[in-house]
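Heads up, query.txt below (compact mmCIF, C-alpha atoms):
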# COMPACT_ATOMS: atom_id res chain seq x y z
CA MET S 533 -4.01 64.93 -76.44
CA VAL S 534 -6.98 67.28 -76.50
CA VAL S 535 -10.13 66.44 -74.55
CA GLY S 536 -13.52 68.09 -74.71
CA CYS S 537 -17.25 67.58 -74.76
CA ILE S 538 -20.59 68.42 -76.30
CA PRO S 539 -22.53 69.89 -73.35
CA GLU S 540 -26.26 69.15 -73.81
CA TRP S 541 -29.24 70.95 -72.31
CA ASP S 542 -32.65 69.80 -73.56
CA SER S 543 -32.14 69.69 -77.30
CA LYS S 544 -29.54 72.47 -77.27
CA ILE S 545 -25.77 72.38 -76.98
CA LEU S 546 -23.35 74.83 -75.43
CA LEU S 547 -20.75 76.63 -77.52
CA CYS S 548 -18.11 79.17 -76.47
CA ARG S 549 -16.85 82.09 -78.55
CA ARG S 550 -13.06 82.24 -78.30
CA ALA S 551 -11.40 85.21 -76.59
CA ILE S 552 -7.96 83.90 -77.53
CA GLU S 553 -5.93 83.14 -80.63
CA PRO S 554 -5.98 81.14 -82.80
CA ARG S 555 -9.51 81.70 -84.17
CA HIS S 556 -10.33 84.62 -81.88
CA GLY S 557 -14.07 85.33 -82.13
CA LYS S 558 -14.95 81.90 -83.55
CA TRP S 559 -17.18 79.35 -81.83
CA THR S 560 -15.84 76.20 -80.17
CA LEU S 561 -16.91 73.27 -78.07
CA PRO S 562 -15.17 73.27 -74.66
CA ALA S 563 -11.88 71.43 -75.26
CA GLY S 564 -8.22 71.70 -74.38
CA TYR S 565 -5.04 69.85 -73.57
CA LEU S 566 -5.20 66.96 -71.13
CA GLU S 567 -3.10 67.77 -68.07
CA ASN S 568 -0.91 65.43 -66.05
CA GLY S 569 -2.69 63.47 -63.35
CA GLU S 570 -6.21 63.75 -64.71
CA THR S 571 -8.37 61.29 -66.64
CA VAL S 572 -9.68 62.24 -70.07
CA ALA S 573 -13.15 62.72 -68.53
CA GLU S 574 -11.75 64.92 -65.75
CA GLY S 575 -9.94 66.98 -68.38
CA ALA S 576 -13.15 67.50 -70.36
CA VAL S 577 -15.02 68.55 -67.20
CA ARG S 578 -12.22 70.98 -66.26
CA GLU S 579 -12.08 72.55 -69.72
CA THR S 580 -15.85 73.03 -69.71
CA TYR S 581 -15.65 74.83 -66.39
CA GLU S 582 -12.66 76.95 -67.46
CA GLU S 583 -14.17 78.04 -70.76
CA ALA S 584 -17.88 78.22 -69.92
CA ARG S 585 -18.08 78.21 -66.10
CA ALA S 586 -20.47 75.31 -66.66
CA ARG S 587 -20.68 72.02 -64.81
CA VAL S 588 -21.23 68.80 -66.80
CA GLU S 589 -21.97 65.23 -65.72
CA LYS S 590 -22.79 61.81 -67.24
CA LEU S 591 -19.94 61.97 -69.74
CA THR S 592 -20.15 59.39 -72.52
CA PRO S 593 -17.19 58.74 -74.85
CA TYR S 594 -18.24 59.88 -78.30
CA ALA S 595 -15.40 60.27 -80.79
CA LEU S 596 -11.67 60.19 -81.35
CA TYR S 597 -10.18 62.27 -84.15
CA ASN S 598 -6.61 61.97 -85.37
CA ILE S 599 -5.02 65.18 -86.66
CA CYS S 600 -1.73 63.68 -87.78
CA TYR S 601 -0.37 66.77 -89.51
CA VAL S 602 -0.13 68.50 -86.13
CA ASN S 603 0.34 65.28 -84.12
CA GLN S 604 -2.86 65.79 -82.17
CA VAL S 605 -5.50 63.38 -80.96
CA TYR S 606 -8.93 64.78 -79.95
CA PHE S 607 -11.08 62.74 -77.60
CA MET S 608 -14.64 64.04 -77.30
CA PHE S 609 -17.48 63.13 -74.94
CA ARG S 610 -21.16 63.82 -74.91
CA ALA S 611 -22.12 65.38 -71.57
CA CYS S 612 -25.13 66.75 -69.70
CA LEU S 613 -25.14 70.26 -68.27
CA VAL S 614 -25.94 70.01 -64.55
CA ASP S 615 -27.92 73.27 -64.62
CA LYS S 616 -28.36 76.32 -66.78
CA ARG S 617 -25.69 78.36 -65.03
CA PHE S 618 -22.87 79.31 -67.37
CA LYS S 619 -20.92 82.42 -68.31
CA PRO S 620 -17.73 83.19 -70.22
CA GLY S 621 -14.50 82.03 -68.59
CA SER S 622 -11.31 83.99 -69.24
CA GLU S 623 -10.77 82.29 -72.62
CA SER S 624 -14.29 83.02 -73.90
CA LEU S 625 -16.07 86.15 -75.12
CA GLU S 626 -19.51 84.62 -74.98
CA VAL S 627 -21.15 81.29 -74.07
CA LYS S 628 -24.50 80.31 -75.48
CA LEU S 629 -26.93 77.41 -76.00
CA PHE S 630 -27.71 76.61 -79.62
CA ALA S 631 -30.46 74.55 -81.19
CA GLU S 632 -29.40 72.56 -84.25
CA ASN S 633 -30.79 75.15 -86.67
CA GLU S 634 -28.93 77.95 -84.86
CA ILE S 635 -25.39 76.47 -85.06
CA PRO S 636 -23.02 79.08 -86.60
CA TRP S 637 -21.54 76.57 -89.08
CA GLU S 638 -19.46 79.18 -90.92
CA SER S 639 -17.89 80.43 -87.69
CA ILE S 640 -16.77 77.22 -85.97
CA ALA S 641 -13.16 77.59 -84.80
CA PHE S 642 -11.72 74.25 -85.92
CA ARG S 643 -12.57 71.62 -88.51
CA VAL S 644 -12.31 68.82 -85.92
CA LEU S 645 -15.09 70.43 -83.89
CA GLN S 646 -17.19 71.01 -86.98
CA GLU S 647 -16.83 67.29 -87.82
CA THR S 648 -17.78 66.39 -84.26
CA LEU S 649 -20.92 68.52 -84.49
CA ILE S 650 -21.92 67.21 -87.94
CA GLN S 651 -21.57 63.62 -86.68
CA TYR S 652 -23.45 64.47 -83.49
CA PHE S 653 -26.51 65.88 -85.22
CA LYS S 654 -26.49 63.03 -87.72
CA ASP S 655 -26.49 60.52 -84.86
CA ARG S 656 -29.10 62.47 -82.96
CA SER S 657 -31.48 62.16 -85.87
CA THR S 658 -31.21 58.36 -85.53
CA GLY S 659 -31.15 58.25 -81.73
CA GLN S 660 -27.97 56.10 -81.82
CA PHE S 661 -24.59 57.43 -80.69
CA PRO S 662 -21.93 54.81 -81.44
CA PHE S 663 -18.29 55.66 -80.77
CA HIS S 664 -16.59 57.18 -83.82
CA THR S 665 -13.03 57.58 -84.99
CA GLY S 666 -11.89 59.79 -87.82
CA GLU S 667 -8.98 61.63 -89.32
CA ILE S 668 -8.82 65.36 -90.01
CA LEU S 669 -6.67 66.20 -93.02
CA SER S 670 -6.99 69.99 -93.06
CA ASN S 671 -8.39 72.79 -90.94
CA ASP S 672 -10.62 74.13 -93.74
CA LEU S 673 -14.27 74.08 -92.72
CA VAL S 674 -16.67 72.04 -94.83
CA ASN S 675 -19.88 73.52 -96.22
CA VAL S 676 -22.77 72.38 -94.07
CA MET R 911 -0.41 57.72 -75.54
CA VAL R 912 -0.20 53.95 -75.91
CA VAL R 913 -2.13 52.17 -78.66
CA GLY R 914 -2.73 48.48 -79.11
CA CYS R 915 -5.18 45.78 -80.05
CA ILE R 916 -6.72 42.43 -79.27
CA PRO R 917 -5.92 40.37 -82.40
CA GLU R 918 -8.66 37.79 -82.96
CA TRP R 919 -8.50 34.52 -84.90
CA ASP R 920 -11.60 32.33 -84.68
CA SER R 921 -12.31 32.33 -80.97
CA LYS R 922 -8.66 32.78 -80.01
CA ILE R 923 -6.58 35.87 -79.38
CA LEU R 924 -2.92 36.56 -79.98
CA LEU R 925 -0.55 37.32 -77.12
CA CYS R 926 3.18 38.06 -77.16
CA ARG R 927 5.71 37.09 -74.50
CA ARG R 928 7.95 40.07 -73.81
CA ALA R 929 11.66 39.85 -74.68
CA ILE R 930 12.28 43.25 -73.09
CA GLU R 931 12.05 44.91 -69.71
CA PRO R 932 9.91 45.78 -67.90
CA ARG R 933 8.08 42.48 -67.37
CA HIS R 934 10.50 40.39 -69.40
CA GLY R 935 8.95 36.95 -70.00
CA LYS R 936 5.39 38.10 -69.27
CA TRP R 937 2.53 38.03 -71.77
CA THR R 938 1.16 41.15 -73.42
CA LEU R 939 -1.26 42.30 -76.08
CA PRO R 940 0.52 44.10 -78.93
CA ALA R 941 0.73 47.74 -77.78
CA GLY R 942 3.17 50.62 -77.71
CA TYR R 943 3.64 54.35 -77.93
CA LEU R 944 1.84 56.23 -80.68
CA GLU R 945 4.38 57.81 -83.02
CA ASN R 946 4.21 61.19 -84.73
CA GLY R 947 2.31 61.25 -88.01
CA GLU R 948 0.25 58.10 -87.51
CA THR R 949 -3.36 57.59 -86.48
CA VAL R 950 -4.16 55.55 -83.39
CA ALA R 951 -5.31 52.69 -85.65
CA GLU R 952 -2.10 52.86 -87.71
CA GLY R 953 -0.10 52.78 -84.48
CA ALA R 954 -1.93 49.66 -83.30
CA VAL R 955 -1.35 47.94 -86.66
CA ARG R 956 2.34 48.86 -86.59
CA GLU R 957 2.85 47.62 -83.03
CA THR R 958 1.16 44.33 -83.89
CA TYR R 959 3.51 43.84 -86.80
CA GLU R 960 6.58 44.86 -84.80
CA GLU R 961 5.83 42.58 -81.85
CA ALA R 962 4.14 39.64 -83.53
CA ARG R 963 4.94 39.96 -87.26
CA ALA R 964 1.18 39.69 -87.66
CA ARG R 965 -1.14 41.70 -89.90
CA VAL R 966 -4.48 42.89 -88.52
CA GLU R 967 -7.48 44.54 -90.18
CA LYS R 968 -11.03 45.71 -89.34
CA LEU R 969 -9.93 47.58 -86.22
CA THR R 970 -12.80 48.57 -83.92
CA PRO R 971 -12.24 51.02 -81.04
CA TYR R 972 -12.74 49.08 -77.85
CA ALA R 973 -11.47 50.81 -74.71
CA LEU R 974 -9.61 53.76 -73.27
CA TYR R 975 -7.82 53.38 -69.95
CA ASN R 976 -6.38 56.25 -67.96
CA ILE R 977 -3.27 55.48 -65.92
CA CYS R 978 -2.93 58.84 -64.22
CA TYR R 979 -0.13 57.90 -61.84
CA VAL R 980 2.21 57.50 -64.82
CA ASN R 981 0.40 60.03 -67.05
CA GLN R 982 -0.50 57.41 -69.64
CA VAL R 983 -3.59 56.85 -71.74
CA TYR R 984 -4.10 53.43 -73.36
CA PHE R 985 -6.34 53.21 -76.41
CA MET R 986 -7.20 49.64 -77.40
CA PHE R 987 -8.90 48.21 -80.47
CA ARG R 988 -10.37 44.84 -81.33
CA ALA R 989 -8.86 43.60 -84.57
CA CYS R 990 -8.97 40.62 -86.94
CA LEU R 991 -5.83 38.73 -87.89
CA VAL R 992 -5.55 38.69 -91.69
CA ASP R 993 -4.07 35.20 -91.69
CA LYS R 994 -2.40 32.77 -89.34
CA ARG R 995 1.13 33.91 -90.12
CA PHE R 996 2.89 35.32 -87.06
CA LYS R 997 6.22 34.92 -85.31
CA PRO R 998 8.11 36.79 -82.60
CA GLY R 999 9.36 40.26 -83.52
CA SER R 1000 12.54 41.56 -81.87
CA GLU R 1001 10.65 42.58 -78.71
CA SER R 1002 9.00 39.17 -78.25
CA LEU R 1003 10.21 35.75 -77.11
CA GLU R 1004 7.11 33.91 -78.28
CA VAL R 1005 3.78 34.69 -79.96
CA LYS R 1006 0.79 32.42 -79.53
CA LEU R 1007 -2.97 32.11 -79.99
CA PHE R 1008 -4.91 31.52 -76.79
CA ALA R 1009 -8.45 30.33 -76.21
CA GLU R 1010 -10.19 31.97 -73.26
CA ASN R 1011 -9.48 29.03 -70.95
CA GLU R 1012 -5.78 29.10 -71.88
CA ILE R 1013 -5.07 32.76 -71.02
CA PRO R 1014 -2.06 32.92 -68.64
CA TRP R 1015 -3.84 35.27 -66.20
CA GLU R 1016 -1.05 35.17 -63.61
CA SER R 1017 1.59 36.10 -66.17
CA ILE R 1018 0.06 39.08 -67.95
CA ALA R 1019 2.62 41.90 -68.16
CA PHE R 1020 0.48 44.87 -67.15
CA ARG R 1021 -2.71 45.40 -65.18
CA VAL R 1022 -4.17 47.58 -67.95
CA LEU R 1023 -3.93 44.68 -70.39
CA GLN R 1024 -5.37 42.27 -67.85
CA GLU R 1025 -8.36 44.65 -67.41
CA THR R 1026 -8.73 44.87 -71.19
CA LEU R 1027 -8.82 41.07 -71.47
CA ILE R 1028 -11.25 40.62 -68.56
CA GLN R 1029 -13.61 43.17 -70.13
CA TYR R 1030 -13.19 41.56 -73.55
CA PHE R 1031 -14.18 38.06 -72.46
CA LYS R 1032 -17.04 39.46 -70.39
CA ASP R 1033 -18.35 41.30 -73.45
CA ARG R 1034 -17.78 38.30 -75.67
CA SER R 1035 -20.04 36.21 -73.48
CA THR R 1036 -22.84 38.71 -74.22
CA GLY R 1037 -21.97 39.30 -77.88
CA GLN R 1038 -21.96 43.08 -77.30
CA PHE R 1039 -18.76 45.15 -77.39
CA PRO R 1040 -19.58 48.71 -76.35
CA PHE R 1041 -16.73 51.21 -76.00
CA HIS R 1042 -15.33 51.30 -72.46
CA THR R 1043 -13.34 53.76 -70.42
CA GLY R 1044 -11.64 53.00 -67.15
CA GLU R 1045 -8.93 54.06 -64.75
CA ILE R 1046 -6.02 51.90 -63.61
CA LEU R 1047 -4.89 52.75 -60.08
CA SER R 1048 -2.05 50.26 -59.66
CA ASN R 1049 -0.07 47.75 -61.69
CA ASP R 1050 -0.90 44.85 -59.36
CA LEU R 1051 -2.71 42.10 -61.24
CA VAL R 1052 -6.16 41.11 -60.03
CA ASN R 1053 -7.07 37.50 -59.29
CA VAL R 1054 -9.06 36.12 -62.21

I'd like the structure from this file rewritten - as structure tokens, please.
Amino acid sequence: MVVGCIPEWDSKILLCRRAIEPRHGKWTLPAGYLENGETVAEGAVRETYEEARARVEKLTPYALYNICYVNQVYFMFRACLVDKRFKPGSESLEVKLFAENEIPWESIAFRVLQETLIQYFKDRSTGQFPFHTGEILSNDLVNV
Amino acid sequence: MVVGCIPEWDSKILLCRRAIEPRHGKWTLPAGYLENGETVAEGAVRETYEEARARVEKLTPYALYNICYVNQVYFMFRACLVDKRFKPGSESLEVKLFAENEIPWESIAFRVLQETLIQYFKDRSTGQFPFHTGEILSNDLVNV
């Protein structure tokens, strides 16, 4: 199970550029494998600190994506950055806040995160963030 | 990861009495381990058929419970029974529809399912079913 979040600051969100394979150099939301003994929310907080040295709070469950062809389940939260302090952790080359019109859609690391972001901005335009589930059938990015 | 559902029929819900250990003879919602290659919703549908020979549709994500002390995550849906055909599968002694005032609170198999049911009836009294997350710290049942 992979857990992660969309860290929000004003109307921007935090992305990390991967310093590791696969998808070295591509942009990702903070996310990684749930570890033993932690809740899904604790895992998302930990991954955000490891990858972006950022602290998040007020986590709200946002989406579950099934990726059956690799037997993975992604569980994503929305989250608020506690402050504007962040910097690359050991798995990141760069960490940066992006407004919606600045998102590097062609350089997102994984389809599941691209789907999460597309859904997020769609919901944000309505002001409603219901919980979503979906299935990812391939890792090819969609054209946004 | 464990997946399951609350099968609804009119204002009743379907419970199964366990034919297997642990908690032989106690009542449970249909739930079991997610298998490789299936989505969480498919897993919940499969478990419902295996345990109660019942078909469910219109699954809505309802709650995620962390049970860190056994490294489990429960993901529960609400679901609609397709028809009133059900009977015990090989893991059940008995399968039965219960109105809220008939729920055998003292004989629910696992605390996580008791919490799911408490939350469910609380939400039902308001008509709103937001997605919930929670943490289960012990398997002792609460007094309802």

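For the residues S:Cys537, S:Val602, S:Ala551, S:Met608, ranking by smallest atom-to-atom distance to Arg587 in chain S using all atoms listed in the file places S:Cys537 first.
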
Using all atoms listed in the file, which residues of chain S come within 6 Å of chain R, and what is the closest atom pair for each, with the distance in Å to one decimal? Give it as a Markdown table, sorted by chain and residue number.
| residue | atom | partner | partner_atom | distance |
| --- | --- | --- | --- | --- |
| S:Asn568 | CA | R:Asn981 | CA | 5.6 |
| S:Gly569 | CA | R:Cys978 | CA | 4.7 |
| S:Glu570 | CA | R:Cys978 | CA | 5.9 |
| S:Thr571 | CA | R:Asn976 | CA | 5.6 |
| S:Asn598 | CA | R:Thr949 | CA | 5.6 |
| S:Cys600 | CA | R:Gly947 | CA | 4.7 |
| S:Asn603 | CA | R:Asn946 | CA | 5.7 |

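Atom to atom, CA of Phe996 in chain R and CA of Leu1051 in chain R stand 27.3 Å apart.
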
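Residue nearest Leu561 in chain S within the list S:Ser670, S:Thr648, S:Gln660, S:Asn675: S:Thr648 [criterion: smallest interatomic distance, all atoms listed in the file].
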
Give, as lines of an AutoDock Vina configuration file, the centre coordinates and the x, y and z edge lengths in Å to one decimal for an axis-aligned box around all listed atoms of range 624-627 of chain S, padded by 3 Å on each side.
center_x = -17.7
center_y = 83.7
center_z = -74.5
size_x = 12.9
size_y = 10.9
size_z = 7.2

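Checking S:Val644, S:Leu546, S:Val534, S:Val577 one by one against Arg617 in chain S, counting all atoms listed in the file, you find the shortest gap at S:Leu546.
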
Quiz item: So what do you get for CA of Arg933 in chain R versus CA of Asp1050 in chain R, distance-wise?
Solution: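 Distance reported for this atom pair: 12.3 Å.
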
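Near Ala563 in chain S, within 6 Å and counting only C-alpha atoms, sit S:Val535, S:Gly536, S:Glu579; same-chain residues fewer than 5 positions away were not included.
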
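Distances from R:Trp1015, R:Trp919, R:Phe985, R:Phe1039 to Glu967 in chain R were compared using all atoms listed in the file, and the smallest one belongs to R:Trp919.
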
Practice problem: Neighbourhood query: residues within 8 Å of (-7.5, 41.9, -87.0), file coordinates, counting all atoms listed in the file; return as a list in words. | Solution: Ile916, Pro917, Glu918, Trp919, Arg965, Val966, Glu967, Lys968, Leu969, Arg988, Ala989, Cys990, Leu991 and Val992 of chain R

Exercise. Rank nothing, just name the residue among S:Leu547, S:Ile640, S:Val674, S:Ile668 nearest to Lys628 in chain S, using all atoms listed in the file.
Key: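 Once distances to Lys628 in chain S are computed over all atoms listed in the file, the minimum belongs to S:Leu547.
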
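With all atoms listed in the file as the atoms that count, the residue of S:Glu626, S:Lys619, S:Tyr565, S:Arg578 with the shortest distance to Arg550 in chain S is S:Glu626.
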
Please check which residues have atoms at most 9 Å from (-28.7, 74.1, -82.1) in the file's coordinates, counting only C-alpha atoms, and write them as an mmCIF file with C-alpha atoms, in the coordinates of the input.
data_model
loop_
_atom_site.group_PDB
_atom_site.id
_atom_site.type_symbol
_atom_site.label_atom_id
_atom_site.label_comp_id
_atom_site.auth_asym_id
_atom_site.auth_seq_id
_atom_site.Cartn_x
_atom_site.Cartn_y
_atom_site.Cartn_z
ATOM 1 C CA SER S 543 -32.140 69.690 -77.300
ATOM 2 C CA LYS S 544 -29.540 72.470 -77.270
ATOM 3 C CA ILE S 545 -25.770 72.380 -76.980
ATOM 4 C CA LEU S 546 -23.350 74.830 -75.430
ATOM 5 C CA LEU S 629 -26.930 77.410 -76.000
ATOM 6 C CA PHE S 630 -27.710 76.610 -79.620
ATOM 7 C CA ALA S 631 -30.460 74.550 -81.190
ATOM 8 C CA GLU S 632 -29.400 72.560 -84.250
ATOM 9 C CA ASN S 633 -30.790 75.150 -86.670
ATOM 10 C CA GLU S 634 -28.930 77.950 -84.860
ATOM 11 C CA ILE S 635 -25.390 76.470 -85.060
ATOM 12 C CA PRO S 636 -23.020 79.080 -86.600
#

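When CA of Leu645 in chain S is paired with CA of Gly564 in chain S, their separation reads 11.8 Å.
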